[in-house]
file my_file_3.cif (mmCIF, C-alpha atoms)
data_model
loop_
_atom_site.label_atom_id
_atom_site.label_comp_id
_atom_site.auth_asym_id
_atom_site.auth_seq_id
_atom_site.Cartn_x
_atom_site.Cartn_y
_atom_site.Cartn_z
CA MET A 178 -12.18 -11.88 -4.47
CA ILE A 179 -15.62 -13.36 -3.95
CA GLY A 180 -14.27 -15.27 -0.96
CA LYS A 181 -12.88 -12.10 0.63
CA VAL A 182 -16.19 -10.31 0.10
CA GLY A 183 -17.92 -13.26 1.74
CA GLU A 184 -15.67 -13.08 4.80
CA ALA A 185 -16.29 -9.35 5.20
CA LEU A 186 -20.01 -9.93 4.73
CA GLU A 187 -20.10 -12.66 7.37
CA PHE A 188 -18.23 -10.43 9.85
CA LEU A 189 -20.63 -7.52 9.35
CA GLN A 190 -23.73 -9.69 9.58
CA LYS A 191 -22.47 -11.17 12.84
CA ASN A 192 -22.00 -7.61 14.10
CA GLY A 193 -25.59 -6.61 13.40
CA PHE A 194 -25.45 -5.17 9.88
CA GLU A 195 -28.78 -6.52 8.63
CA LYS A 196 -30.14 -5.80 5.14
CA PRO A 197 -29.61 -2.06 4.69
CA ALA A 198 -31.62 -0.62 1.80
CA ILE A 199 -29.28 2.19 0.83
CA GLY A 200 -25.50 2.60 0.71
CA ILE A 201 -23.84 6.01 1.07
CA ILE A 202 -20.24 7.03 0.33
CA LEU A 203 -19.27 10.29 2.04
CA GLY A 204 -16.50 12.20 0.26
CA THR A 205 -13.85 14.72 1.31
CA GLY A 206 -15.07 17.14 3.96
CA LEU A 207 -18.64 15.88 3.66
CA GLY A 208 -19.09 13.86 6.82
CA ALA A 209 -21.97 15.86 8.34
CA LEU A 210 -24.56 13.44 7.00
CA ALA A 211 -23.14 10.78 9.31
CA ASN A 212 -24.30 12.87 12.26
CA LYS A 213 -27.89 12.59 11.02
CA ILE A 214 -27.85 8.79 11.05
CA GLU A 215 -29.40 7.05 14.04
CA VAL A 216 -26.43 4.72 14.56
CA ILE A 217 -27.12 1.09 15.35
CA LYS A 218 -23.61 -0.23 14.74
CA SER A 219 -20.29 1.37 13.79
CA VAL A 220 -17.13 -0.57 12.86
CA ALA A 221 -13.66 0.73 12.06
CA TYR A 222 -12.41 -0.34 8.65
CA GLY A 223 -9.37 -1.94 10.26
CA ASN A 224 -11.62 -4.46 12.02
CA ILE A 225 -13.42 -5.62 8.87
CA PRO A 226 -11.73 -8.55 7.09
CA HIS A 227 -9.94 -7.48 3.88
CA PHE A 228 -11.16 -3.87 4.05
CA PRO A 229 -8.60 -1.30 2.91
CA LEU A 230 -7.54 1.34 5.43
CA ALA A 231 -8.21 5.04 4.89
CA THR A 232 -4.79 6.71 4.77
CA VAL A 233 -6.01 10.28 4.20
CA GLU A 234 -6.13 12.17 7.48
CA PHE A 235 -9.52 13.80 6.83
CA HIS A 236 -11.22 10.47 6.07
CA LYS A 237 -12.30 8.87 9.35
CA GLY A 238 -12.44 5.23 8.26
CA LYS A 239 -15.68 3.85 9.72
CA LEU A 240 -18.59 1.85 8.36
CA ILE A 241 -21.84 3.06 9.92
CA TYR A 242 -25.10 1.11 10.02
CA GLY A 243 -28.29 2.77 11.16
CA LYS A 244 -31.48 4.59 10.27
CA LEU A 245 -31.81 7.72 8.17
CA GLU A 246 -35.30 9.11 7.48
CA GLY A 247 -36.74 5.78 8.60
CA LYS A 248 -34.62 3.71 6.18
CA LEU A 249 -31.83 1.32 7.07
CA VAL A 250 -28.58 2.61 5.56
CA VAL A 251 -24.91 1.70 5.57
CA ALA A 252 -22.53 4.64 5.17
CA MET A 253 -18.82 4.81 4.46
CA GLU A 254 -17.36 7.60 6.57
CA GLY A 255 -14.20 7.89 4.52
CA ARG A 256 -13.48 6.32 1.15
CA PHE A 257 -10.48 4.92 -0.72
CA HIS A 258 -8.60 6.29 -3.70
CA TYR A 259 -6.28 5.01 -6.39
CA TYR A 260 -3.71 7.62 -5.31
CA GLU A 261 -3.40 5.98 -1.90
CA GLY A 262 -1.74 3.04 -3.60
CA TYR A 263 -4.82 0.85 -3.85
CA SER A 264 -5.88 -0.93 -7.02
CA ALA A 265 -9.27 -0.11 -8.49
CA ALA A 266 -10.48 -3.52 -7.28
CA GLU A 267 -9.49 -2.61 -3.71
CA VAL A 268 -11.15 0.80 -4.01
CA VAL A 269 -14.51 -0.79 -4.87
CA PHE A 270 -14.28 -3.66 -2.39
CA PRO A 271 -16.62 -1.92 0.12
CA VAL A 272 -19.22 -1.32 -2.61
CA ARG A 273 -19.24 -5.03 -3.41
CA VAL A 274 -19.65 -5.83 0.28
CA MET A 275 -22.51 -3.32 0.66
CA LYS A 276 -24.27 -4.84 -2.35
CA GLU A 277 -23.98 -8.30 -0.79
CA LEU A 278 -25.36 -6.87 2.46
CA GLY A 279 -28.49 -6.02 0.52
CA ILE A 280 -28.38 -2.36 -0.56
CA GLU A 281 -30.62 -1.52 -3.50
CA LYS A 282 -29.41 2.05 -4.14
CA LEU A 283 -26.01 3.78 -3.83
CA LEU A 284 -25.49 7.49 -3.11
CA VAL A 285 -22.06 9.05 -3.57
CA SER A 286 -20.61 12.45 -2.74
CA ASN A 287 -17.23 13.95 -3.59
CA ALA A 288 -15.25 17.15 -3.69
CA ALA A 289 -14.22 18.32 -7.16
CA GLY A 290 -12.54 21.22 -8.91
CA SER A 291 -14.75 23.29 -11.20
CA LEU A 292 -13.70 23.50 -14.85
CA ASN A 293 -16.89 25.35 -15.77
CA LEU A 294 -16.14 29.05 -15.36
CA ASN A 295 -19.82 29.93 -15.01
CA TRP A 296 -20.11 28.07 -11.71
CA ASN A 297 -19.08 29.10 -8.19
CA LYS A 298 -17.15 27.45 -5.39
CA SER A 299 -19.36 25.57 -2.88
CA ASP A 300 -22.02 25.01 -5.57
CA LEU A 301 -23.18 21.43 -6.12
CA MET A 302 -23.11 19.45 -9.35
CA LEU A 303 -25.25 16.40 -10.04
CA ILE A 304 -23.18 13.99 -12.10
CA ASP A 305 -24.92 13.04 -15.34
CA ASP A 306 -21.92 11.31 -16.94
CA HIS A 307 -18.20 10.81 -16.43
CA ILE A 308 -14.84 10.42 -18.16
CA ASN A 309 -12.47 7.84 -16.71
CA LEU A 310 -8.80 8.82 -16.95
CA LEU A 311 -7.68 6.53 -14.13
CA PRO A 312 -5.04 3.99 -15.25
CA ASP A 313 -6.91 1.07 -13.65
CA ASN A 314 -10.38 -0.43 -13.80
CA PRO A 315 -12.14 -2.56 -11.16
CA LEU A 316 -13.47 -4.90 -13.85
CA ARG A 317 -10.02 -6.08 -14.93
CA ALA A 318 -9.27 -7.72 -11.57
CA HIS A 319 -9.06 -11.48 -11.09
CA GLY A 320 -12.48 -12.65 -9.96
CA ALA A 321 -14.31 -9.53 -11.13
CA ALA A 322 -16.56 -11.66 -13.34
CA SER A 323 -18.01 -13.20 -10.18
CA PHE A 324 -19.99 -9.97 -9.70
CA GLY A 325 -21.42 -9.66 -13.21
CA GLN A 326 -20.55 -9.04 -16.84
CA ILE A 327 -17.12 -7.41 -17.08
CA PHE A 328 -18.03 -5.83 -20.42
CA THR A 329 -20.47 -3.67 -18.51
CA ASP A 330 -22.67 -1.26 -20.44
CA MET A 331 -22.02 2.34 -19.34
CA SER A 332 -24.41 4.18 -21.64
CA GLN A 333 -26.33 5.48 -18.60
CA PRO A 334 -24.06 5.11 -15.56
CA TYR A 335 -26.08 7.38 -13.24
CA ASP A 336 -29.67 6.52 -12.37
CA GLN A 337 -32.03 8.92 -14.09
CA GLU A 338 -34.92 8.31 -11.71
CA MET A 339 -32.89 9.24 -8.62
CA ASN A 340 -31.26 12.14 -10.47
CA GLN A 341 -34.66 13.55 -11.33
CA VAL A 342 -35.75 13.35 -7.70
CA LEU A 343 -32.54 15.11 -6.62
CA LYS A 344 -33.19 17.91 -9.12
CA SER A 345 -36.70 18.35 -7.77
CA ILE A 346 -35.42 18.47 -4.20
CA ALA A 347 -32.85 21.11 -5.15
CA VAL A 348 -35.52 23.33 -6.72
CA GLU A 349 -37.87 22.91 -3.78
CA ASN A 350 -35.14 23.92 -1.32
CA SER A 351 -33.54 26.70 -3.43
CA ILE A 352 -30.26 24.77 -3.61
CA SER A 353 -27.83 25.76 -6.36
CA MET A 354 -27.15 22.48 -8.16
CA HIS A 355 -25.81 22.20 -11.69
CA GLU A 356 -25.65 19.07 -13.82
CA GLY A 357 -22.64 17.91 -15.79
CA VAL A 358 -19.69 15.65 -16.48
CA TYR A 359 -17.12 14.49 -13.90
CA VAL A 360 -13.63 13.46 -14.99
CA ALA A 361 -11.58 11.19 -12.73
CA VAL A 362 -7.79 11.57 -12.68
CA ALA A 363 -5.17 9.67 -10.72
CA GLY A 364 -3.86 12.46 -8.46
CA PRO A 365 -2.90 13.16 -5.78
CA ASN A 366 -1.32 16.36 -7.14
CA LEU A 367 -3.64 19.01 -8.51
CA GLU A 368 -3.53 19.73 -12.22
CA THR A 369 -1.35 22.07 -14.26
CA ARG A 370 -2.79 24.86 -16.40
CA ALA A 371 -2.28 22.79 -19.53
CA GLU A 372 -4.03 19.81 -17.94
CA TYR A 373 -7.02 21.95 -16.99
CA ARG A 374 -7.26 23.19 -20.59
CA PHE A 375 -7.14 19.60 -21.84
CA LEU A 376 -9.84 18.42 -19.43
CA ARG A 377 -12.14 21.26 -20.45
CA GLN A 378 -11.60 20.50 -24.13
CA ILE A 379 -12.59 16.85 -23.75
CA GLY A 380 -15.91 17.82 -22.20
CA ALA A 381 -15.48 17.76 -18.43
CA ASP A 382 -17.25 20.20 -16.12
CA VAL A 383 -15.47 19.13 -12.92
CA VAL A 384 -12.37 17.11 -12.05
CA GLY A 385 -11.75 14.79 -9.10
CA MET A 386 -9.86 11.70 -7.95
CA SER A 387 -12.63 9.31 -6.91
CA THR A 388 -16.18 8.07 -7.58
CA VAL A 389 -15.75 6.57 -11.06
CA PRO A 390 -14.42 3.15 -9.91
CA GLU A 391 -17.32 2.78 -7.48
CA VAL A 392 -19.83 3.76 -10.16
CA ILE A 393 -18.36 1.25 -12.62
CA ALA A 394 -18.61 -1.53 -10.01
CA ALA A 395 -22.17 -0.50 -9.12
CA ASN A 396 -23.21 -0.65 -12.78
CA GLN A 397 -21.63 -4.08 -13.16
CA MET A 398 -23.71 -5.35 -10.24
CA GLY A 399 -26.95 -3.71 -11.41
CA LEU A 400 -26.92 -1.26 -8.51
CA PRO A 401 -28.54 2.13 -9.29
CA VAL A 402 -26.26 5.01 -8.29
CA SER A 403 -26.44 8.80 -8.03
CA ALA A 404 -23.53 11.09 -7.25
CA VAL A 405 -23.15 14.75 -6.31
CA SER A 406 -19.96 16.83 -6.42
CA VAL A 407 -19.18 19.83 -4.24
CA LEU A 408 -17.21 22.40 -6.23
CA THR A 409 -14.23 23.28 -4.04
CA ASP A 410 -11.91 25.30 -6.28
CA ASP A 411 -11.88 27.20 -9.58
CA CYS A 412 -9.80 25.50 -12.26
CA ASP A 413 -9.36 28.48 -14.58
CA PRO A 414 -6.05 27.95 -16.41
CA ASP A 415 -5.79 31.63 -17.34
CA ASN A 416 -6.27 32.84 -13.76
CA LEU A 417 -4.95 29.93 -11.73
CA LYS A 418 -4.12 30.62 -8.11
CA PRO A 419 -2.24 28.31 -5.71
CA ILE A 420 -4.53 26.23 -3.50
CA ASN A 421 -4.03 23.73 -0.71
CA ILE A 422 -6.09 20.87 0.65
CA GLU A 423 -7.15 22.86 3.74
CA ASP A 424 -8.86 25.40 1.46
CA ILE A 425 -10.61 22.60 -0.42
CA ILE A 426 -11.92 21.02 2.80
CA ALA A 427 -13.09 24.39 4.12
CA THR A 428 -15.02 25.07 0.91
CA ALA A 429 -16.55 21.59 1.00
CA LYS A 430 -17.79 22.32 4.52
CA LEU A 431 -19.72 25.34 3.23
CA ALA A 432 -21.84 23.06 1.06
CA GLU A 433 -22.49 20.37 3.67
CA LYS A 434 -25.85 21.73 4.75
CA ASP A 435 -27.24 21.61 1.21
CA LEU A 436 -25.80 18.17 0.51
CA VAL A 437 -27.28 16.81 3.73
CA THR A 438 -30.68 18.21 2.73
CA LEU A 439 -30.47 16.58 -0.70
CA PHE A 440 -29.43 13.15 0.55
CA ARG A 441 -31.81 13.05 3.53
CA GLU A 442 -34.79 14.01 1.41
CA LEU A 443 -33.82 11.56 -1.35
CA VAL A 444 -33.53 8.73 1.18
CA ARG A 445 -36.94 9.68 2.58
CA ARG A 446 -38.52 9.50 -0.89
CA LEU A 447 -36.91 6.26 -2.04
#
call {"tool": "encode", "arguments": {"input": "my_file_3.cif", "output": "structure tokens"}}
result
Amino acid sequence: MIGKVGEALEFLQKNGFEKPAIGIILGTGLGALANKIEVIKSVAYGNIPHFPLATVEFHKGKLIYGKLEGKLVVAMEGRFHYYEGYSAAEVVFPVRVMKELGIEKLLVSNAAGSLNLNWNKSDLMLIDDHINLLPDNPLRAHGAASFGQIFTDMSQPYDQEMNQVLKSIAVENSISMHEGVYVAVAGPNLETRAEYRFLRQIGADVVGMSTVPEVIAANQMGLPVSAVSVLTDDCDPDNLKPINIEDIIATAKLAEKDLVTLFRELVRRL
């Protein structure tokens, strides 16, 4: 694995990706931040050695290098998921490459279903902790120990300093942002009523199908990470209504403006 990361790193460096300070993973329906980046280089995933390919139609599949609020950043426009058939090690491959490129902070966004009945669709949730129900882990892969201790401590997986700054930014800009626990499930189907009840009972506030593998890998490599979820649907098992992915994407779009404000201002202050 370390060799494959090295080959991807060499390719990107030869194509002008030079020591970005911050890495950004843009989740479902949340690509507007990419439009705010002063692009220096952009490479399709398919051209990067050993990179997975984004198979979900609403994930564009490009790695962008440029300036945001005066800082050099590298942004994934489209991410990878376990449900696409990738292993957890493949899902986090880009994070390992970005770390080798030189990023010192990682920002992540995702779309998630709200299990907390006091919250509204298109609200934001700052992730304070998570529950991993995915049947794979990036640290069990052959060669994972090359990137750090595989028995990685996860007592504080999300960086408290960045989270505090994000909370301050939200207050200053009158952005509705909650704080809570994200649970990752395999997908790609949405959950049943009984599954939603179970997830609420084990302490989750929102449910999604991403983010946790990347956060685990980031913690292994000593890379501070913050993540924000956009609440795209209400997961009330007693009043559950059919929903489709188009509705989820449309709801995510409603929150893009606030998410862009949060991430741009955080990058400016880092």
call {"tool": "resolve_selection", "arguments": {"input": "my_file_3.cif", "expression": "the PyMOL selection byres ((chain A and resi 230) around 12)", "output": "compact mmCIF listing (two decimals) with C-alpha atoms, in the coordinates of the input"}}
result
# COMPACT_ATOMS: atom_id res chain seq x y z
CA ALA A 221 -13.66 0.73 12.06
CA TYR A 222 -12.41 -0.34 8.65
CA GLY A 223 -9.37 -1.94 10.26
CA ASN A 224 -11.62 -4.46 12.02
CA ILE A 225 -13.42 -5.62 8.87
CA PRO A 226 -11.73 -8.55 7.09
CA HIS A 227 -9.94 -7.48 3.88
CA PHE A 228 -11.16 -3.87 4.05
CA PRO A 229 -8.60 -1.30 2.91
CA ALA A 231 -8.21 5.04 4.89
CA THR A 232 -4.79 6.71 4.77
CA VAL A 233 -6.01 10.28 4.20
CA GLU A 234 -6.13 12.17 7.48
CA HIS A 236 -11.22 10.47 6.07
CA LYS A 237 -12.30 8.87 9.35
CA GLY A 238 -12.44 5.23 8.26
CA LYS A 239 -15.68 3.85 9.72
CA LEU A 240 -18.59 1.85 8.36
CA MET A 253 -18.82 4.81 4.46
CA GLU A 254 -17.36 7.60 6.57
CA GLY A 255 -14.20 7.89 4.52
CA ARG A 256 -13.48 6.32 1.15
CA PHE A 257 -10.48 4.92 -0.72
CA HIS A 258 -8.60 6.29 -3.70
CA GLU A 261 -3.40 5.98 -1.90
CA GLY A 262 -1.74 3.04 -3.60
CA TYR A 263 -4.82 0.85 -3.85
CA GLU A 267 -9.49 -2.61 -3.71
CA VAL A 268 -11.15 0.80 -4.01
CA PHE A 270 -14.28 -3.66 -2.39
CA PRO A 271 -16.62 -1.92 0.12
call {"tool": "atom_distance", "arguments": {"input": "my_file_3.cif", "atom1": "atom CA of Leu310 of chain A", "atom2": "atom CA of Leu439 of chain A"}}
result
28.2 Å
call {"tool": "residues_around", "arguments": {"input": "my_file_3.cif", "residues": "Val437 of chain A", "least_positions_apart": "6", "cutoff": "9 Å", "atoms": "only C-alpha atoms", "output": "list in words"}}
result
Leu207, Ala209, Leu210 and Lys213 of chain A
call {"tool": "closest_residue", "arguments": {"input": "my_file_3.cif", "among": "A:Val285, A:Ile199, A:Leu294, A:Met386", "to": "Lys248 of chain A", "atoms": "all atoms listed in the file"}}
result
A:Ile199
call {"tool": "resolve_selection", "arguments": {"input": "my_file_3.cif", "expression": "the PyMOL selection byres ((chain A and resi 286) around 6)", "output": "mmCIF file with C-alpha atoms, in the coordinates of the input"}}
result
data_model
loop_
_atom_site.group_PDB
_atom_site.id
_atom_site.type_symbol
_atom_site.label_atom_id
_atom_site.label_comp_id
_atom_site.auth_asym_id
_atom_site.auth_seq_id
_atom_site.Cartn_x
_atom_site.Cartn_y
_atom_site.Cartn_z
ATOM 1 C CA LEU A 203 -19.270 10.290 2.040
ATOM 2 C CA GLY A 204 -16.500 12.200 0.260
ATOM 3 C CA VAL A 285 -22.060 9.050 -3.570
ATOM 4 C CA ASN A 287 -17.230 13.950 -3.590
ATOM 5 C CA ALA A 404 -23.530 11.090 -7.250
ATOM 6 C CA VAL A 405 -23.150 14.750 -6.310
ATOM 7 C CA SER A 406 -19.960 16.830 -6.420
#
call {"tool": "atom_distance", "arguments": {"input": "my_file_3.cif", "atom1": "atom CA of Gly243 of chain A", "atom2": "atom CA of Asn192 of chain A"}}
result
12.5 Å
call {"tool": "atom_distance", "arguments": {"input": "my_file_3.cif", "atom1": "atom CA of Ala363 of chain A", "atom2": "atom CA of Val272 of chain A"}}
result
19.6 Å
call {"tool": "residues_around", "arguments": {"input": "my_file_3.cif", "residues": "Asn293 of chain A", "least_positions_apart": "4", "cutoff": "8 Å", "atoms": "all atoms listed in the file", "output": "ChimeraX atom specification"}}
result
/A:377,382-383,412
call {"tool": "residues_near_point", "arguments": {"input": "my_file_3.cif", "point": "(-21.0, 18.5, -9.5)", "cutoff": "9 Å", "atoms": "all atoms listed in the file", "output": "PyMOL selection string"}}
result
chain A and resi 287-291+300-305+354-359+382-383+404-408
